[in-house]
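File shown: run-v2.pdb. Contents: PDB, C-alpha atoms.
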ATOM      1  CA  MET W   5       0.000   0.000   0.000
ATOM      2  CA  SER W   6       1.294   3.392  -0.890
ATOM      3  CA  LEU W   7      -0.190   6.650   0.282
ATOM      4  CA  ASP W   8      -3.868   7.277  -0.466
ATOM      5  CA  VAL W   9      -3.428  10.556  -2.326
ATOM      6  CA  SER W  10      -6.600  12.485  -3.048
ATOM      7  CA  PRO W  11      -7.116  13.776  -6.591
ATOM      8  CA  ALA W  12      -6.908  17.355  -5.256
ATOM      9  CA  LEU W  13      -3.555  16.746  -3.550
ATOM     10  CA  LEU W  14      -2.222  14.940  -6.618
ATOM     11  CA  GLU W  15      -3.264  17.890  -8.770
ATOM     12  CA  LYS W  16      -1.427  20.277  -6.450
ATOM     13  CA  ALA W  17       1.687  18.114  -6.643
ATOM     14  CA  GLU W  18       1.479  18.101 -10.426
ATOM     15  CA  ARG W  19       1.388  21.920 -10.351
ATOM     16  CA  GLY W  20       4.238  22.031  -7.841
ATOM     17  CA  GLU W  21       2.178  23.499  -4.982
ATOM     18  CA  VAL W  22       2.279  21.044  -2.095
ATOM     19  CA  ASP W  23       1.593  22.187   1.436
ATOM     20  CA  GLU W  24       3.463  20.020   3.940
ATOM     21  CA  ALA W  25       0.497  20.041   6.339
ATOM     22  CA  GLU W  26      -1.637  18.468   3.600
ATOM     23  CA  PHE W  27       1.078  15.897   2.967
ATOM     24  CA  VAL W  28       1.273  15.077   6.690
ATOM     25  CA  ASP W  29      -2.512  14.648   6.775
ATOM     26  CA  CYS W  30      -2.245  12.279   3.795
ATOM     27  CA  VAL W  31       0.348  10.256   5.713
ATOM     28  CA  ARG W  32      -1.863  10.251   8.826
ATOM     29  CA  THR W  33      -4.860   8.854   6.955
ATOM     30  CA  SER W  34      -2.863   6.487   4.722
ATOM     31  CA  LEU W  35      -0.628   4.959   7.397
ATOM     32  CA  PRO W  36      -2.775   4.950  10.556
ATOM     33  CA  TYR W  37      -0.780   2.298  12.422
ATOM     34  CA  ALA W  38       2.520   4.097  11.842
ATOM     35  CA  TRP W  39       0.923   7.444  12.707
ATOM     36  CA  GLU W  40      -0.507   6.109  15.960
ATOM     37  CA  MET W  41       2.788   4.451  16.891
ATOM     38  CA  ILE W  42       4.773   7.648  16.385
ATOM     39  CA  SER W  43       2.094   9.842  17.991
ATOM     40  CA  SER W  44       1.987   7.655  21.087
ATOM     41  CA  LEU W  45       5.765   7.628  21.398
ATOM     42  CA  VAL W  46       5.890  11.419  21.103
ATOM     43  CA  ALA W  47       3.254  11.682  23.839
ATOM     44  CA  GLN W  48       5.174   9.203  26.010
ATOM     45  CA  LEU W  49       8.378  11.206  25.561
ATOM     46  CA  LYS W  50       6.593  14.407  26.586
ATOM     47  CA  VAL W  51       5.032  12.805  29.670
ATOM     48  CA  ASP W  52       7.957  10.673  30.828
ATOM     49  CA  GLY W  53      10.800  12.907  29.677
ATOM     50  CA  GLY W  54      14.134  11.209  29.279
ATOM     51  CA  ASN W  55      16.388  10.795  26.277
ATOM     52  CA  PHE W  56      13.967   8.851  24.081
ATOM     53  CA  ALA W  57      10.809   6.761  23.902
ATOM     54  CA  ASP W  58      10.646   3.560  21.893
ATOM     55  CA  ASN W  59       8.396   0.696  20.949
ATOM     56  CA  GLN W  60       9.593  -2.890  21.302
ATOM     57  CA  THR W  61       6.330  -4.681  20.522
ATOM     58  CA  PRO W  62       6.129  -6.172  17.024
ATOM     59  CA  PRO W  63       3.272  -4.953  14.823
ATOM     60  CA  PRO W  64       0.107  -7.077  14.939
ATOM     61  CA  ASP W  65       0.263  -8.021  11.248
ATOM     62  CA  GLU W  66       2.128  -7.526   7.981
ATOM     63  CA  GLN W  67      -0.025  -4.552   6.967
ATOM     64  CA  ALA W  68       1.001  -2.684  10.127
ATOM     65  CA  ARG W  69       4.631  -3.686   9.655
ATOM     66  CA  GLY W  70       4.480  -2.397   6.088
ATOM     67  CA  GLN W  71       3.168   0.942   7.290
ATOM     68  CA  LEU W  72       6.121   1.371   9.636
ATOM     69  CA  LEU W  73       8.541   0.451   6.876
ATOM     70  CA  ARG W  74       6.957   2.905   4.433
ATOM     71  CA  ALA W  75       6.833   5.728   6.959
ATOM     72  CA  LEU W  76      10.423   5.347   8.101
ATOM     73  CA  ALA W  77      12.081   4.283   4.836
ATOM     74  CA  SER W  78      10.767   7.235   2.840
ATOM     75  CA  ASP W  79      12.921  10.322   3.284
ATOM     76  CA  ALA W  80       9.961  12.591   2.455
ATOM     77  CA  ILE W  81       7.572  10.912   4.897
ATOM     78  CA  ARG W  82      10.127  10.529   7.660
ATOM     79  CA  GLY W  83      11.279  14.141   7.312
ATOM     80  CA  ALA W  84       7.720  15.476   7.310
ATOM     81  CA  LEU W  85       6.868  13.443  10.420
ATOM     82  CA  GLN W  86       9.983  14.656  12.216
ATOM     83  CA  ARG W  87       9.153  18.280  11.425
ATOM     84  CA  HIS W  88       5.473  17.820  12.328
ATOM     85  CA  PHE W  89       6.153  16.232  15.711
ATOM     86  CA  GLY W  90       9.379  18.129  16.445
ATOM     87  CA  VAL W  91      11.430  14.988  17.080
ATOM     88  CA  ARG W  92      14.086  12.841  15.487
ATOM     89  CA  LEU W  93      13.013   9.335  14.497
ATOM     90  CA  ALA W  94      15.140   6.210  14.646
ATOM     91  CA  PHE W  95      14.305   2.689  13.499
ATOM     92  CA  GLN W  96      15.711  -0.781  14.218
ATOM     93  CA  ASN W  97      14.609  -4.193  13.029
ATOM     94  CA  CYS W  98      11.116  -4.204  11.571
ATOM     95  CA  HIS W  99       9.325  -2.530  14.437
ATOM     96  CA  ARG W 100      11.529  -0.763  16.968
ATOM     97  CA  VAL W 101      10.645   2.861  16.408
ATOM     98  CA  ALA W 102      12.165   5.480  18.699
ATOM     99  CA  VAL W 103      11.597   9.204  19.047
ATOM    100  CA  PHE W 104      14.306  11.517  20.316
ATOM    101  CA  PRO W 105      13.936  15.179  21.235
ATOM    102  CA  LEU W 106      15.658  17.718  19.019
ATOM    103  CA  ASP W 107      17.801  18.719  22.003
ATOM    104  CA  SER W 108      21.479  18.134  21.251
ATOM    105  CA  SER W 109      21.987  16.783  24.789
ATOM    106  CA  VAL W 110      20.655  13.405  23.579
ATOM    107  CA  ASP W 111      22.930  13.174  20.524
ATOM    108  CA  GLU W 112      25.149  10.570  22.184
ATOM    109  CA  THR W 113      22.120   8.411  23.072
ATOM    110  CA  LEU W 114      20.817   8.682  19.496
ATOM    111  CA  THR W 115      24.245   7.781  18.124
ATOM    112  CA  ARG W 116      24.351   4.694  20.359
ATOM    113  CA  PHE W 117      20.788   3.696  19.385
ATOM    114  CA  THR W 118      21.564   3.944  15.672
ATOM    115  CA  SER W 119      25.026   2.360  15.880
ATOM    116  CA  VAL W 120      26.074  -0.819  14.137
ATOM    117  CA  ARG W 121      26.653  -2.382  17.561
ATOM    118  CA  SER W 122      23.095  -1.629  18.727
ATOM    119  CA  GLN W 123      21.668  -2.954  15.481
ATOM    120  CA  LEU W 124      23.558  -6.218  15.938
ATOM    121  CA  LEU W 125      22.564  -6.523  19.591
ATOM    122  CA  ASN W 126      18.886  -6.071  18.692
ATOM    123  CA  GLN W 127      18.732  -9.046  16.355
ATOM    124  CA  SER W 128      16.806 -12.195  17.121
ATOM    125  CA  PRO W 129      15.683 -15.200  15.081
ATOM    126  CA  GLU W 130      11.994 -14.245  15.232
ATOM    127  CA  PHE W 131      12.758 -10.992  13.405
ATOM    128  CA  ARG W 132      14.770 -12.606  10.602
ATOM    129  CA  ASP W 133      11.873 -12.521   8.121
ATOM    130  CA  CYS W 134      10.063  -9.448   9.337
TER     131      CYS W 134
END

I'd like the structure from this file rewritten - as structure tokens, please.
Amino acid sequence: MSLDVSPALLEKAERGEVDEAEFVDCVRTSLPYAWEMISSLVAQLKVDGGNFADNQTPPPDEQARGQLLRALASDAIRGALQRHFGVRLAFQNCHRVAVFPLDSSVDETLTRFTSVRSQLLNQSPEFRDC
């Protein structure tokens, strides 16, 4: 599934006039599982504070997993979500989404989270085919 782009938004894109808020709304309605995951992590980060908030629960099905992959693998979608929510997003395996504040004080934590070492340490056989 790609984004569900309305004819009006597609027409705007063809003319070169795309409002990022409209794009973000298209992402929200097209990828509801990914949107909810990121929204809830942003809320958790705001409530709990700390260096980051992350999800370690695998998606309930392949459709949900696909939404996370599309949202975080697309530079345009990922960038728009980061700007919309005011966070930095990180992704490991097929489901471990993390949100980090824009504050540079967490740069070291983000670097560790996105390191080769952390990626290797977060592998497990059940995620091999995710």

Spell out the residues picked by the PyMOL selection byres ((chain W and resi 31-37) around 7) here, as a short mmCIF file (atom, residue, chain, number, x, y, z; two decimals) with C-alpha atoms, keeping the file's coordinate frame.
data_model
loop_
_atom_site.label_atom_id
_atom_site.label_comp_id
_atom_site.auth_asym_id
_atom_site.auth_seq_id
_atom_site.Cartn_x
_atom_site.Cartn_y
_atom_site.Cartn_z
CA LEU W 7 -0.19 6.65 0.28
CA ASP W 8 -3.87 7.28 -0.47
CA PHE W 27 1.08 15.90 2.97
CA VAL W 28 1.27 15.08 6.69
CA ASP W 29 -2.51 14.65 6.78
CA CYS W 30 -2.24 12.28 3.80
CA ALA W 38 2.52 4.10 11.84
CA TRP W 39 0.92 7.44 12.71
CA GLU W 40 -0.51 6.11 15.96
CA MET W 41 2.79 4.45 16.89
CA ALA W 68 1.00 -2.68 10.13
CA GLN W 71 3.17 0.94 7.29
#

W:His99 surroundings by only C-alpha atoms, 9 Å radius, close-in-sequence under 5 positions cut, as a PyMOL selection string: chain W and resi 59-63+69+72-73+134

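Put simply, atom CA of W:Ala25 is 23.3 Å away from atom CA of W:Phe95.
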
Could you work out an axis-aligned bounding box for all listed atoms of stretch 45-56 of chain W, with 3 Å added on each of the six sides, and give its centre and edge lengths in Å to one decimal, as lines of an AutoDock Vina configuration file?
center_x = 9.8
center_y = 11.0
center_z = 26.0
size_x = 19.1
size_y = 12.8
size_z = 15.7

For W:Phe104, work out the shell of residues within 8 Å, counting all atoms listed in the file and skipping chain neighbours fewer than 3 positions away, then give it as a list of chain:residue names. W:Leu49, W:Asn55, W:Phe56, W:Ala57, W:Val91, W:Arg92, W:Leu93, W:Ala94, W:Val110, W:Leu114

Atoms added to stretch 69-103 of chain W (N, CA and C atoms), reported as a PDB file, in the coordinates of the input:
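File produced: part_1.pdb:
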ATOM      1  N   ARG W  69       3.178  -3.688   9.834  1.00  0.00           N
ATOM      2  CA  ARG W  69       4.631  -3.686   9.655  1.00  0.00           C
ATOM      3  C   ARG W  69       4.999  -2.900   8.390  1.00  0.00           C
ATOM      4  N   GLY W  70       4.239  -3.111   7.336  1.00  0.00           N
ATOM      5  CA  GLY W  70       4.480  -2.397   6.088  1.00  0.00           C
ATOM      6  C   GLY W  70       4.317  -0.897   6.247  1.00  0.00           C
ATOM      7  N   GLN W  71       3.360  -0.492   7.055  1.00  0.00           N
ATOM      8  CA  GLN W  71       3.168   0.942   7.290  1.00  0.00           C
ATOM      9  C   GLN W  71       4.386   1.555   7.974  1.00  0.00           C
ATOM     10  N   LEU W  72       4.924   0.859   8.966  1.00  0.00           N
ATOM     11  CA  LEU W  72       6.121   1.371   9.636  1.00  0.00           C
ATOM     12  C   LEU W  72       7.286   1.477   8.656  1.00  0.00           C
ATOM     13  N   LEU W  73       7.449   0.436   7.852  1.00  0.00           N
ATOM     14  CA  LEU W  73       8.541   0.451   6.876  1.00  0.00           C
ATOM     15  C   LEU W  73       8.387   1.599   5.889  1.00  0.00           C
ATOM     16  N   ARG W  74       7.173   1.812   5.381  1.00  0.00           N
ATOM     17  CA  ARG W  74       6.957   2.905   4.433  1.00  0.00           C
ATOM     18  C   ARG W  74       7.193   4.258   5.081  1.00  0.00           C
ATOM     19  N   ALA W  75       6.698   4.435   6.288  1.00  0.00           N
ATOM     20  CA  ALA W  75       6.833   5.728   6.959  1.00  0.00           C
ATOM     21  C   ALA W  75       8.292   6.055   7.261  1.00  0.00           C
ATOM     22  N   LEU W  76       9.064   5.071   7.658  1.00  0.00           N
ATOM     23  CA  LEU W  76      10.423   5.347   8.101  1.00  0.00           C
ATOM     24  C   LEU W  76      11.470   5.155   7.012  1.00  0.00           C
ATOM     25  N   ALA W  77      11.130   4.470   5.934  1.00  0.00           N
ATOM     26  CA  ALA W  77      12.081   4.283   4.836  1.00  0.00           C
ATOM     27  C   ALA W  77      12.005   5.410   3.810  1.00  0.00           C
ATOM     28  N   SER W  78      10.919   6.129   3.784  1.00  0.00           N
ATOM     29  CA  SER W  78      10.767   7.235   2.840  1.00  0.00           C
ATOM     30  C   SER W  78      11.356   8.504   3.449  1.00  0.00           C
ATOM     31  N   ASP W  79      12.326   9.081   2.781  1.00  0.00           N
ATOM     32  CA  ASP W  79      12.921  10.322   3.284  1.00  0.00           C
ATOM     33  C   ASP W  79      11.883  11.428   3.408  1.00  0.00           C
ATOM     34  N   ALA W  80      10.978  11.531   2.430  1.00  0.00           N
ATOM     35  CA  ALA W  80       9.961  12.591   2.455  1.00  0.00           C
ATOM     36  C   ALA W  80       8.998  12.400   3.620  1.00  0.00           C
ATOM     37  N   ILE W  81       8.518  11.173   3.812  1.00  0.00           N
ATOM     38  CA  ILE W  81       7.572  10.912   4.897  1.00  0.00           C
ATOM     39  C   ILE W  81       8.261  11.072   6.250  1.00  0.00           C
ATOM     40  N   ARG W  82       9.400  10.461   6.385  1.00  0.00           N
ATOM     41  CA  ARG W  82      10.127  10.529   7.660  1.00  0.00           C
ATOM     42  C   ARG W  82      10.450  11.981   8.024  1.00  0.00           C
ATOM     43  N   GLY W  83      10.944  12.737   7.061  1.00  0.00           N
ATOM     44  CA  GLY W  83      11.279  14.141   7.312  1.00  0.00           C
ATOM     45  C   GLY W  83      10.064  14.962   7.697  1.00  0.00           C
ATOM     46  N   ALA W  84       8.949  14.740   6.998  1.00  0.00           N
ATOM     47  CA  ALA W  84       7.720  15.476   7.310  1.00  0.00           C
ATOM     48  C   ALA W  84       7.217  15.126   8.705  1.00  0.00           C
ATOM     49  N   LEU W  85       7.296  13.853   9.080  1.00  0.00           N
ATOM     50  CA  LEU W  85       6.868  13.443  10.420  1.00  0.00           C
ATOM     51  C   LEU W  85       7.770  14.049  11.487  1.00  0.00           C
ATOM     52  N   GLN W  86       9.063  14.067  11.242  1.00  0.00           N
ATOM     53  CA  GLN W  86       9.983  14.656  12.216  1.00  0.00           C
ATOM     54  C   GLN W  86       9.689  16.142  12.406  1.00  0.00           C
ATOM     55  N   ARG W  87       9.467  16.851  11.322  1.00  0.00           N
ATOM     56  CA  ARG W  87       9.153  18.280  11.425  1.00  0.00           C
ATOM     57  C   ARG W  87       7.801  18.491  12.097  1.00  0.00           C
ATOM     58  N   HIS W  88       6.811  17.682  11.750  1.00  0.00           N
ATOM     59  CA  HIS W  88       5.473  17.820  12.328  1.00  0.00           C
ATOM     60  C   HIS W  88       5.489  17.623  13.846  1.00  0.00           C
ATOM     61  N   PHE W  89       6.144  16.567  14.287  1.00  0.00           N
ATOM     62  CA  PHE W  89       6.153  16.232  15.711  1.00  0.00           C
ATOM     63  C   PHE W  89       7.291  16.909  16.485  1.00  0.00           C
ATOM     64  N   GLY W  90       8.264  17.479  15.773  1.00  0.00           N
ATOM     65  CA  GLY W  90       9.379  18.129  16.445  1.00  0.00           C
ATOM     66  C   GLY W  90      10.299  17.162  17.156  1.00  0.00           C
ATOM     67  N   VAL W  91      10.561  16.025  16.511  1.00  0.00           N
ATOM     68  CA  VAL W  91      11.430  14.988  17.080  1.00  0.00           C
ATOM     69  C   VAL W  91      12.345  14.449  15.988  1.00  0.00           C
ATOM     70  N   ARG W  92      13.285  13.629  16.424  1.00  0.00           N
ATOM     71  CA  ARG W  92      14.086  12.841  15.487  1.00  0.00           C
ATOM     72  C   ARG W  92      13.622  11.395  15.617  1.00  0.00           C
ATOM     73  N   LEU W  93      13.465  10.726  14.505  1.00  0.00           N
ATOM     74  CA  LEU W  93      13.013   9.335  14.497  1.00  0.00           C
ATOM     75  C   LEU W  93      14.184   8.398  14.237  1.00  0.00           C
ATOM     76  N   ALA W  94      14.156   7.261  14.885  1.00  0.00           N
ATOM     77  CA  ALA W  94      15.140   6.210  14.646  1.00  0.00           C
ATOM     78  C   ALA W  94      14.383   4.896  14.506  1.00  0.00           C
ATOM     79  N   PHE W  95      15.003   3.924  13.830  1.00  0.00           N
ATOM     80  CA  PHE W  95      14.305   2.689  13.499  1.00  0.00           C
ATOM     81  C   PHE W  95      15.296   1.532  13.516  1.00  0.00           C
ATOM     82  N   GLN W  96      14.918   0.445  14.209  1.00  0.00           N
ATOM     83  CA  GLN W  96      15.711  -0.781  14.218  1.00  0.00           C
ATOM     84  C   GLN W  96      14.792  -1.952  13.918  1.00  0.00           C
ATOM     85  N   ASN W  97      15.366  -2.986  13.370  1.00  0.00           N
ATOM     86  CA  ASN W  97      14.609  -4.193  13.029  1.00  0.00           C
ATOM     87  C   ASN W  97      13.408  -3.816  12.169  1.00  0.00           C
ATOM     88  N   CYS W  98      12.310  -4.466  12.372  1.00  0.00           N
ATOM     89  CA  CYS W  98      11.116  -4.204  11.571  1.00  0.00           C
ATOM     90  C   CYS W  98      10.049  -3.491  12.375  1.00  0.00           C
ATOM     91  N   HIS W  99      10.376  -3.112  13.604  1.00  0.00           N
ATOM     92  CA  HIS W  99       9.325  -2.530  14.437  1.00  0.00           C
ATOM     93  C   HIS W  99       9.812  -1.583  15.524  1.00  0.00           C
ATOM     94  N   ARG W 100      11.069  -1.581  15.832  1.00  0.00           N
ATOM     95  CA  ARG W 100      11.529  -0.763  16.968  1.00  0.00           C
ATOM     96  C   ARG W 100      11.699   0.687  16.525  1.00  0.00           C
ATOM     97  N   VAL W 101      10.657   1.439  16.720  1.00  0.00           N
ATOM     98  CA  VAL W 101      10.645   2.861  16.408  1.00  0.00           C
ATOM     99  C   VAL W 101      10.999   3.615  17.685  1.00  0.00           C
ATOM    100  N   ALA W 102      11.824   4.642  17.554  1.00  0.00           N
ATOM    101  CA  ALA W 102      12.165   5.480  18.699  1.00  0.00           C
ATOM    102  C   ALA W 102      12.051   6.940  18.304  1.00  0.00           C
ATOM    103  N   VAL W 103      11.633   7.759  19.253  1.00  0.00           N
ATOM    104  CA  VAL W 103      11.597   9.204  19.047  1.00  0.00           C
ATOM    105  C   VAL W 103      12.562   9.844  20.039  1.00  0.00           C
TER     106      VAL W 103
END
